[in-house]
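Source file: model11.pdb (PDB, C-alpha atoms and all ligand atoms)
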```
MODEL        1
ATOM      1  CA  MET A 738      44.709   2.220  26.316  1.00  0.00           C
ATOM      2  CA  ILE A 739      41.138   1.148  26.728  1.00  0.00           C
ATOM      3  CA  ILE A 740      38.701   3.987  27.162  1.00  0.00           C
ATOM      4  CA  THR A 741      36.204   3.836  29.974  1.00  0.00           C
ATOM      5  CA  GLU A 742      34.439   7.176  29.444  1.00  0.00           C
ATOM      6  CA  GLU A 743      30.776   6.726  28.743  1.00  0.00           C
ATOM      7  CA  ALA A 744      30.649   9.726  26.317  1.00  0.00           C
ATOM      8  CA  GLN A 745      33.286   8.129  24.077  1.00  0.00           C
ATOM      9  CA  LEU A 746      31.383   4.850  24.086  1.00  0.00           C
ATOM     10  CA  ARG A 747      28.244   6.612  22.863  1.00  0.00           C
ATOM     11  CA  ILE A 748      29.848   7.780  19.603  1.00  0.00           C
ATOM     12  CA  LEU A 749      28.429   6.326  16.416  1.00  0.00           C
ATOM     13  CA  CYS A 750      31.404   4.961  14.457  1.00  0.00           C
ATOM     14  CA  GLU A 751      31.962   5.679  10.780  1.00  0.00           C
ATOM     15  CA  LYS A 752      32.689   3.122   8.092  1.00  0.00           C
ATOM     16  CA  VAL A 753      36.307   2.648   7.096  1.00  0.00           C
ATOM     17  CA  SER A 754      36.943   3.492   3.459  1.00  0.00           C
ATOM     18  CA  SER A 755      39.076   0.458   2.669  1.00  0.00           C
ATOM     19  CA  VAL A 756      39.691  -3.073   3.886  1.00  0.00           C
ATOM     20  CA  GLU A 757      43.350  -2.134   4.289  1.00  0.00           C
ATOM     21  CA  GLU A 758      42.512   0.674   6.709  1.00  0.00           C
ATOM     22  CA  GLY A 759      40.253  -1.757   8.553  1.00  0.00           C
ATOM     23  CA  GLU A 760      42.950  -4.411   8.759  1.00  0.00           C
ATOM     24  CA  ASN A 761      45.393  -1.950  10.309  1.00  0.00           C
ATOM     25  CA  ILE A 762      42.858  -1.027  12.967  1.00  0.00           C
ATOM     26  CA  GLY A 763      42.001  -4.715  13.451  1.00  0.00           C
ATOM     27  CA  ALA A 764      45.659  -5.596  14.081  1.00  0.00           C
ATOM     28  CA  GLN A 765      45.889  -2.832  16.647  1.00  0.00           C
ATOM     29  CA  LEU A 766      42.724  -4.072  18.371  1.00  0.00           C
ATOM     30  CA  LEU A 767      43.937  -7.678  18.502  1.00  0.00           C
ATOM     31  CA  LYS A 768      47.197  -6.524  20.066  1.00  0.00           C
ATOM     32  CA  GLU A 769      45.308  -4.515  22.683  1.00  0.00           C
ATOM     33  CA  LEU A 770      42.996  -7.459  23.312  1.00  0.00           C
ATOM     34  CA  THR A 771      45.910  -9.841  23.855  1.00  0.00           C
ATOM     35  CA  GLU A 772      47.363  -7.477  26.423  1.00  0.00           C
ATOM     36  CA  SER A 773      44.052  -7.173  28.256  1.00  0.00           C
ATOM     37  CA  GLU A 774      43.009  -9.373  31.104  1.00  0.00           C
ATOM     38  CA  ASN A 775      40.443 -11.943  29.979  1.00  0.00           C
ATOM     39  CA  GLY A 776      39.197  -9.817  27.092  1.00  0.00           C
ATOM     40  CA  ILE A 777      37.392 -11.710  24.322  1.00  0.00           C
ATOM     41  CA  GLY A 778      36.384  -8.790  22.135  1.00  0.00           C
ATOM     42  CA  LEU A 779      37.115  -5.157  21.437  1.00  0.00           C
ATOM     43  CA  ALA A 780      35.648  -2.407  19.286  1.00  0.00           C
ATOM     44  CA  ALA A 781      37.640   0.438  17.733  1.00  0.00           C
ATOM     45  CA  ASN A 782      35.872   3.204  19.682  1.00  0.00           C
ATOM     46  CA  GLN A 783      37.018   1.534  22.905  1.00  0.00           C
ATOM     47  CA  VAL A 784      40.538   2.591  21.995  1.00  0.00           C
ATOM     48  CA  GLY A 785      39.529   6.004  20.646  1.00  0.00           C
ATOM     49  CA  ILE A 786      39.247   5.135  16.951  1.00  0.00           C
ATOM     50  CA  ASN A 787      35.722   5.957  15.821  1.00  0.00           C
ATOM     51  CA  LYS A 788      35.639   3.542  12.909  1.00  0.00           C
ATOM     52  CA  ARG A 789      33.508   0.486  12.266  1.00  0.00           C
ATOM     53  CA  VAL A 790      36.015  -2.225  13.085  1.00  0.00           C
ATOM     54  CA  CYS A 791      35.838  -4.744  15.913  1.00  0.00           C
ATOM     55  CA  VAL A 792      37.546  -7.972  16.899  1.00  0.00           C
ATOM     56  CA  VAL A 793      36.336 -11.110  18.615  1.00  0.00           C
ATOM     57  CA  ASN A 794      38.677 -13.758  19.955  1.00  0.00           C
ATOM     58  CA  VAL A 795      36.789 -16.678  21.428  1.00  0.00           C
ATOM     59  CA  LYS A 796      37.528 -19.653  19.199  1.00  0.00           C
ATOM     60  CA  GLU A 797      39.898 -17.865  16.851  1.00  0.00           C
ATOM     61  CA  PRO A 798      40.846 -14.242  16.257  1.00  0.00           C
ATOM     62  CA  LEU A 799      38.245 -12.649  14.046  1.00  0.00           C
ATOM     63  CA  VAL A 800      38.465  -9.132  12.597  1.00  0.00           C
ATOM     64  CA  LEU A 801      35.205  -7.602  11.384  1.00  0.00           C
ATOM     65  CA  ILE A 802      35.464  -4.597   9.070  1.00  0.00           C
ATOM     66  CA  ASN A 803      32.275  -2.557   8.558  1.00  0.00           C
ATOM     67  CA  PRO A 804      30.243  -5.434  10.031  1.00  0.00           C
ATOM     68  CA  ARG A 805      26.476  -5.559   9.884  1.00  0.00           C
ATOM     69  CA  ILE A 806      23.988  -8.030  11.288  1.00  0.00           C
ATOM     70  CA  VAL A 807      21.814  -9.045   8.344  1.00  0.00           C
ATOM     71  CA  GLU A 808      19.695 -11.639  10.151  1.00  0.00           C
ATOM     72  CA  ARG A 809      18.812 -12.158  13.795  1.00  0.00           C
ATOM     73  CA  SER A 810      16.715 -14.826  15.475  1.00  0.00           C
ATOM     74  CA  GLU A 811      13.608 -13.715  17.267  1.00  0.00           C
ATOM     75  CA  ASP A 812      14.434 -15.829  20.293  1.00  0.00           C
ATOM     76  CA  GLN A 813      17.020 -14.699  22.752  1.00  0.00           C
ATOM     77  CA  PHE A 814      19.242 -16.214  25.380  1.00  0.00           C
ATOM     78  CA  MET A 815      20.415 -14.780  28.636  1.00  0.00           C
ATOM     79  CA  PHE A 816      24.095 -14.160  29.081  1.00  0.00           C
ATOM     80  CA  ALA A 817      26.275 -12.718  31.856  1.00  0.00           C
ATOM     81  CA  GLU A 818      28.518 -10.146  30.186  1.00  0.00           C
ATOM     82  CA  GLY A 819      31.472  -8.042  31.086  1.00  0.00           C
ATOM     83  CA  CYS A 820      33.218  -5.306  29.114  1.00  0.00           C
ATOM     84  CA  LEU A 821      36.793  -4.044  29.055  1.00  0.00           C
ATOM     85  CA  SER A 822      35.420  -0.500  29.253  1.00  0.00           C
ATOM     86  CA  PHE A 823      33.557  -1.305  32.465  1.00  0.00           C
ATOM     87  CA  PRO A 824      36.122  -3.201  34.526  1.00  0.00           C
ATOM     88  CA  GLY A 825      34.652  -5.345  37.283  1.00  0.00           C
ATOM     89  CA  LYS A 826      31.051  -4.847  36.135  1.00  0.00           C
ATOM     90  CA  HIS A 827      28.754  -7.555  34.911  1.00  0.00           C
ATOM     91  CA  VAL A 828      25.242  -7.532  33.588  1.00  0.00           C
ATOM     92  CA  ARG A 829      22.769 -10.163  32.466  1.00  0.00           C
ATOM     93  CA  THR A 830      21.814  -9.385  28.916  1.00  0.00           C
ATOM     94  CA  GLY A 831      19.387 -10.740  26.404  1.00  0.00           C
ATOM     95  CA  ARG A 832      21.060 -11.626  23.076  1.00  0.00           C
ATOM     96  CA  HIS A 833      19.704 -13.116  19.880  1.00  0.00           C
ATOM     97  CA  THR A 834      20.245 -16.871  19.876  1.00  0.00           C
ATOM     98  CA  SER A 835      21.623 -16.652  16.363  1.00  0.00           C
ATOM     99  CA  VAL A 836      22.850 -13.896  14.075  1.00  0.00           C
ATOM    100  CA  THR A 837      24.167 -13.719  10.541  1.00  0.00           C
ATOM    101  CA  VAL A 838      26.884 -11.150   9.917  1.00  0.00           C
ATOM    102  CA  GLU A 839      28.416  -9.657   6.806  1.00  0.00           C
ATOM    103  CA  ALA A 840      31.717  -7.769   6.836  1.00  0.00           C
ATOM    104  CA  ASP A 841      33.834  -6.178   4.099  1.00  0.00           C
ATOM    105  CA  ASN A 842      36.784  -8.496   4.783  1.00  0.00           C
ATOM    106  CA  HIS A 843      34.778 -11.722   4.664  1.00  0.00           C
ATOM    107  CA  GLU A 844      33.286 -13.241   1.572  1.00  0.00           C
ATOM    108  CA  GLY A 845      29.782 -14.512   2.098  1.00  0.00           C
ATOM    109  CA  GLN A 846      28.131 -14.591   5.476  1.00  0.00           C
ATOM    110  CA  LEU A 847      29.269 -15.530   8.960  1.00  0.00           C
ATOM    111  CA  SER A 848      26.824 -17.387  11.188  1.00  0.00           C
ATOM    112  CA  PHE A 849      26.898 -17.394  14.956  1.00  0.00           C
ATOM    113  CA  SER A 850      24.618 -19.445  17.142  1.00  0.00           C
ATOM    114  CA  ALA A 851      24.354 -20.058  20.859  1.00  0.00           C
ATOM    115  CA  ASP A 852      22.227 -23.100  20.172  1.00  0.00           C
ATOM    116  CA  SER A 853      25.109 -25.554  20.516  1.00  0.00           C
ATOM    117  CA  GLU A 854      26.698 -28.030  22.905  1.00  0.00           C
ATOM    118  CA  ASP A 855      29.858 -25.943  22.943  1.00  0.00           C
ATOM    119  CA  ILE A 856      29.683 -23.047  25.414  1.00  0.00           C
ATOM    120  CA  ASN A 857      32.241 -21.181  23.294  1.00  0.00           C
ATOM    121  CA  ASP A 858      29.608 -20.837  20.593  1.00  0.00           C
ATOM    122  CA  ALA A 859      27.393 -18.922  23.020  1.00  0.00           C
ATOM    123  CA  PHE A 860      30.354 -16.757  24.077  1.00  0.00           C
ATOM    124  CA  GLU A 861      31.203 -15.973  20.489  1.00  0.00           C
ATOM    125  CA  CYS A 862      27.595 -15.291  19.514  1.00  0.00           C
ATOM    126  CA  ALA A 863      27.075 -12.872  22.434  1.00  0.00           C
ATOM    127  CA  CYS A 864      30.484 -11.274  21.903  1.00  0.00           C
ATOM    128  CA  VAL A 865      29.863 -10.509  18.223  1.00  0.00           C
ATOM    129  CA  GLN A 866      26.597  -8.777  19.143  1.00  0.00           C
ATOM    130  CA  HIS A 867      28.290  -6.916  22.004  1.00  0.00           C
ATOM    131  CA  GLU A 868      31.094  -5.600  19.767  1.00  0.00           C
ATOM    132  CA  ILE A 869      28.866  -4.570  16.867  1.00  0.00           C
ATOM    133  CA  ASP A 870      26.676  -2.761  19.414  1.00  0.00           C
ATOM    134  CA  HIS A 871      29.752  -0.762  20.513  1.00  0.00           C
ATOM    135  CA  LEU A 872      30.128   0.573  16.960  1.00  0.00           C
ATOM    136  CA  ASP A 873      26.598   1.938  17.256  1.00  0.00           C
ATOM    137  CA  GLY A 874      27.274   3.535  20.625  1.00  0.00           C
ATOM    138  CA  ILE A 875      25.336   0.832  22.474  1.00  0.00           C
ATOM    139  CA  THR A 876      26.717  -0.736  25.661  1.00  0.00           C
ATOM    140  CA  MET A 877      25.847  -3.993  27.416  1.00  0.00           C
ATOM    141  CA  PHE A 878      23.783  -2.059  29.949  1.00  0.00           C
ATOM    142  CA  ASP A 879      21.381  -1.124  27.159  1.00  0.00           C
ATOM    143  CA  ARG A 880      20.767  -4.849  26.632  1.00  0.00           C
ATOM    144  CA  ALA A 881      20.155  -5.696  30.272  1.00  0.00           C
ATOM    145  CA  MET A 882      17.422  -8.243  30.843  1.00  0.00           C
ATOM    146  CA  ILE A 883      14.951  -6.644  33.139  1.00  0.00           C
ATOM    147  CA  ALA A 884      13.315  -8.971  35.627  1.00  0.00           C
ATOM    148  CA  GLN A 885       9.541  -8.777  35.716  1.00  0.00           C
ATOM    149  CA  PRO A 886       8.563  -6.891  38.860  1.00  0.00           C
ATOM    150  CA  HIS A 887       6.422  -8.900  41.238  1.00  0.00           C
ATOM    151  CA  GLN A 888       2.886  -7.721  41.356  1.00  0.00           C
ATOM    152  CA  ALA A 889       2.350  -5.749  44.527  1.00  0.00           C
ATOM    153  CA  PRO A 890      -0.275  -7.392  46.715  1.00  0.00           C
ATOM    154  CA  GLU A 891      -3.504  -5.476  46.895  1.00  0.00           C
ATOM    155  CA  LYS A 892      -3.815  -3.463  50.019  1.00  0.00           C
ATOM    156  CA  ILE A 893      -6.826  -4.345  52.116  1.00  0.00           C
ATOM    157  CA  GLY A 894      -8.683  -1.624  53.976  1.00  0.00           C
ATOM    158  CA  ARG A 895      -9.107  -2.127  57.770  1.00  0.00           C
ATOM    159  CA  ASN A 896     -12.881  -2.102  57.564  1.00  0.00           C
ATOM    160  CA  GLU A 897     -13.094  -4.097  54.356  1.00  0.00           C
ATOM    161  CA  ARG A 898     -14.974  -7.374  54.835  1.00  0.00           C
ATOM    162  CA  VAL A 899     -13.024 -10.464  53.914  1.00  0.00           C
ATOM    163  CA  THR A 900     -13.701 -14.188  53.991  1.00  0.00           C
ATOM    164  CA  ILE A 901     -11.216 -16.440  55.739  1.00  0.00           C
ATOM    165  CA  THR A 902     -11.091 -20.184  56.226  1.00  0.00           C
ATOM    166  CA  ASP A 903      -9.269 -22.632  58.466  1.00  0.00           C
ATOM    167  CA  GLY A 904      -9.981 -25.446  56.052  1.00  0.00           C
ATOM    168  CA  LYS A 905     -13.228 -26.490  57.806  1.00  0.00           C
ATOM    169  CA  GLU A 906     -15.008 -23.311  58.697  1.00  0.00           C
ATOM    170  CA  THR A 907     -15.286 -20.014  56.851  1.00  0.00           C
ATOM    171  CA  LYS A 908     -15.956 -16.607  58.394  1.00  0.00           C
ATOM    172  CA  GLU A 909     -16.699 -13.241  56.956  1.00  0.00           C
ATOM    173  CA  LEU A 910     -15.392 -10.385  59.029  1.00  0.00           C
ATOM    174  CA  LYS A 911     -13.632  -7.046  58.877  1.00  0.00           C
ATOM    175  CA  TRP A 912      -9.975  -7.180  57.890  1.00  0.00           C
ATOM    176  CA  LYS A 913      -8.865  -5.590  61.183  1.00  0.00           C
ATOM    177  CA  LYS A 914     -10.363  -8.642  62.959  1.00  0.00           C
ATOM    178  CA  ALA A 915      -9.276 -11.164  60.332  1.00  0.00           C
ATOM    179  CA  GLN A 916      -5.678  -9.990  60.006  1.00  0.00           C
ATOM    180  CA  PRO A 917      -4.393 -11.422  63.352  1.00  0.00           C
ATOM    181  CA  LEU A 918      -6.033 -14.762  62.552  1.00  0.00           C
ATOM    182  CA  VAL A 919      -4.454 -14.899  59.096  1.00  0.00           C
ATOM    183  CA  GLU A 920      -1.093 -13.859  60.494  1.00  0.00           C
ATOM    184  CA  SER A 921      -1.306 -16.606  63.142  1.00  0.00           C
ATOM    185  CA  GLY A 922      -1.195 -19.072  60.250  1.00  0.00           C
ATOM    186  CA  ASP A 923      -4.317 -20.980  61.350  1.00  0.00           C
ATOM    187  CA  TRP A 924      -6.580 -19.108  58.961  1.00  0.00           C
ATOM    188  CA  GLU A 925      -6.097 -18.034  55.401  1.00  0.00           C
ATOM    189  CA  MET A 926      -7.916 -15.885  52.909  1.00  0.00           C
ATOM    190  CA  ALA A 927     -10.644 -17.920  51.258  1.00  0.00           C
ATOM    191  CA  PRO A 928     -10.240 -18.090  47.528  1.00  0.00           C
ATOM    192  CA  ALA A 929     -12.514 -15.532  45.905  1.00  0.00           C
TER     193      ALA A 929
HETATM  194 ZN    ZN A1001      32.459  -4.003  25.537  1.00  0.00          ZN
ENDMDL
END
```

Would you mind writing the file's structure down as structure tokens?
Amino acid sequence: MIITEEAQLRILCEKVSSVEEGENIGAQLLKELTESENGIGLAANQVGINKRVCVVNVKEPLVLINPRIVERSEDQFMFAEGCLSFPGKHVRTGRHTSVTVEADNHEGQLSFSADSEDINDAFECACVQHEIDHLDGITMFDRAMIAQPHQAPEKIGRNERVTITDGKETKELKWKKAQPLVESGDWEMAPA
């Protein structure tokens, strides 16, 4: 059963004490993932086990026991993500273009990079970051890319004097007189 309660997803997971314990949880997660619809990753707290184990299955099934990101690129890429705990929801996130991960069940380091011709590399790279975030109680919504708000146009007072031009002539007049001319499209605000 995949948990969808926000409170459960906010729990900070604890390290497992042995690789064996981690492998048991990993096997359970992979089974759950296989039974899910379109799932590519799962973290232990999504099934109610508050331990630092997660799985990713994009190119091959990968179990990560007590994983930690030891290096992350400064640059990010934008990715449209979903999550088994938030069925039907999607969010555009910003993820590091590359990360280096260490885990207790892998010797050496694992590198993931979205900077590749193969789209699966981007999926895997985003997924690893998404799952490790889960173990820290972070969801994809916390990584949402926020669009820059457009700057609100300055409001012009009715009696404020403005300069308008029709390309040949320029006039200086009060905004209440200038506004209909500008709105007609024949005149525009002269560059300051
Ligand atoms: Zn998720």

Evaluated on this file, the PyMOL selection byres (((chain A and resi 752-767) around 6) and not hetatm) picks out some residues - which ones are they, written as a PDB file with C-alpha atoms, keeping the file's coordinate frame?
```
ATOM      1  CA  GLU A 751      31.962   5.679  10.780  1.00  0.00           C
ATOM      2  CA  LYS A 768      47.197  -6.524  20.066  1.00  0.00           C
ATOM      3  CA  GLU A 769      45.308  -4.515  22.683  1.00  0.00           C
ATOM      4  CA  LEU A 770      42.996  -7.459  23.312  1.00  0.00           C
ATOM      5  CA  LYS A 788      35.639   3.542  12.909  1.00  0.00           C
ATOM      6  CA  ARG A 789      33.508   0.486  12.266  1.00  0.00           C
ATOM      7  CA  VAL A 800      38.465  -9.132  12.597  1.00  0.00           C
ATOM      8  CA  ILE A 802      35.464  -4.597   9.070  1.00  0.00           C
ATOM      9  CA  ASN A 803      32.275  -2.557   8.558  1.00  0.00           C
TER      10      ASN A 803
END
```

Next on the checklist: Under the PyMOL selection byres (((not hetatm)) within 8 of (chain A and resi 1001)), which residues of this model are included? Write them out as a ChimeraX atom specification.
Outcome noted: /A:778-780,783,819-823,867-868,871,876-877

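Between Arg829 (chain A) and the candidates A:Glu808, A:Glu797, A:Asp879, A:Glu861, the tightest atom-to-atom separation, counting all atoms listed in the file, involves A:Asp879.
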
Checklist entry - What is the CA of His843 (chain A)-CA of Thr741 (chain A) distance in Å, reported with one decimal? => result 29.7 Å

Next on the checklist: For the provided coordinates, the residues matched by the PyMOL selection byres (((chain A and resi 909-915) around 7) and not hetatm) should be stated as a ChimeraX atom specification.
Outcome noted: /A:894-901,907-908,916-919

Checklist entry - To one decimal place, how far is CA of Met882 (chain A) from CA of Gly831 (chain A) in Å? => result 5.5 Å

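Take CA of Cys862 (chain A) and CA of Phe849 (chain A): the distance between them is 5.1 Å.
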
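Distances from A:Asn782, A:Asp852, A:Asp903, A:Ser810 to Ala744 (chain A) were compared using all atoms listed in the file, and the smallest one belongs to A:Asn782.
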
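Nearest to Cys864 (chain A) of all the residues A:Lys892, A:His833, A:Arg747, A:Lys826 is A:His833, based on only C-alpha atoms.
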
Next on the checklist: When you count only C-alpha atoms, which of these residues is closest to Cys750 (chain A): A:Ile869, A:Glu818, A:Met926, A:Arg832?
Outcome noted: A:Ile869

Checklist entry - Hey, which of A:Ser921, A:Gln846, A:Thr834, A:Ser773 ends up closest to Ile739 (chain A)? Count all atoms listed in the file. => result A:Ser773

Checklist entry - Using all atoms listed in the file, which residue out of A:Glu772, A:Glu742, A:Glu925, A:Leu799 lies closest to Asn842 (chain A)? => result A:Leu799

Is there a way to complete region 816-827 of chain A with N, CA, C and O atoms and then write that out as a tab-separated table (two decimals), in the frame of the given file?
```
chain	number	residue	atom	x	y	z
A	816	PHE	N	22.66	-13.99	28.99
A	816	PHE	CA	24.10	-14.16	29.08
A	816	PHE	C	24.66	-13.18	30.10
A	816	PHE	O	24.20	-12.05	30.18
A	817	ALA	N	25.62	-13.63	30.91
A	817	ALA	CA	26.28	-12.72	31.86
A	817	ALA	C	27.49	-12.12	31.17
A	817	ALA	O	28.41	-12.83	30.80
A	818	GLU	N	27.45	-10.80	30.95
A	818	GLU	CA	28.52	-10.15	30.19
A	818	GLU	C	29.36	-9.20	31.01
A	818	GLU	O	28.88	-8.59	31.96
A	819	GLY	N	30.59	-9.06	30.56
A	819	GLY	CA	31.47	-8.04	31.09
A	819	GLY	C	31.97	-7.23	29.91
A	819	GLY	O	31.66	-7.54	28.75
A	820	CYS	N	32.73	-6.17	30.19
A	820	CYS	CA	33.22	-5.31	29.11
A	820	CYS	C	34.51	-4.66	29.57
A	820	CYS	O	34.61	-4.22	30.71
A	821	LEU	N	35.50	-4.63	28.69
A	821	LEU	CA	36.79	-4.04	29.06
A	821	LEU	C	36.67	-2.56	29.41
A	821	LEU	O	37.50	-2.03	30.13
A	822	SER	N	35.63	-1.91	28.93
A	822	SER	CA	35.42	-0.50	29.25
A	822	SER	C	34.71	-0.30	30.59
A	822	SER	O	34.60	0.83	31.06
A	823	PHE	N	34.21	-1.38	31.15
A	823	PHE	CA	33.56	-1.30	32.47
A	823	PHE	C	34.16	-2.38	33.38
A	823	PHE	O	33.53	-3.38	33.68
A	824	PRO	N	35.43	-2.16	33.77
A	824	PRO	CA	36.12	-3.20	34.53
A	824	PRO	C	35.37	-3.57	35.81
A	824	PRO	O	34.89	-2.69	36.52
A	825	GLY	N	35.28	-4.86	36.05
A	825	GLY	CA	34.65	-5.34	37.28
A	825	GLY	C	33.14	-5.38	37.26
A	825	GLY	O	32.51	-5.86	38.20
A	826	LYS	N	32.52	-4.86	36.18
A	826	LYS	CA	31.05	-4.85	36.14
A	826	LYS	C	30.53	-5.99	35.26
A	826	LYS	O	31.15	-6.35	34.27
A	827	HIS	N	29.40	-6.50	35.68
A	827	HIS	CA	28.75	-7.56	34.91
A	827	HIS	C	27.28	-7.27	34.82
A	827	HIS	O	26.70	-6.66	35.70
```
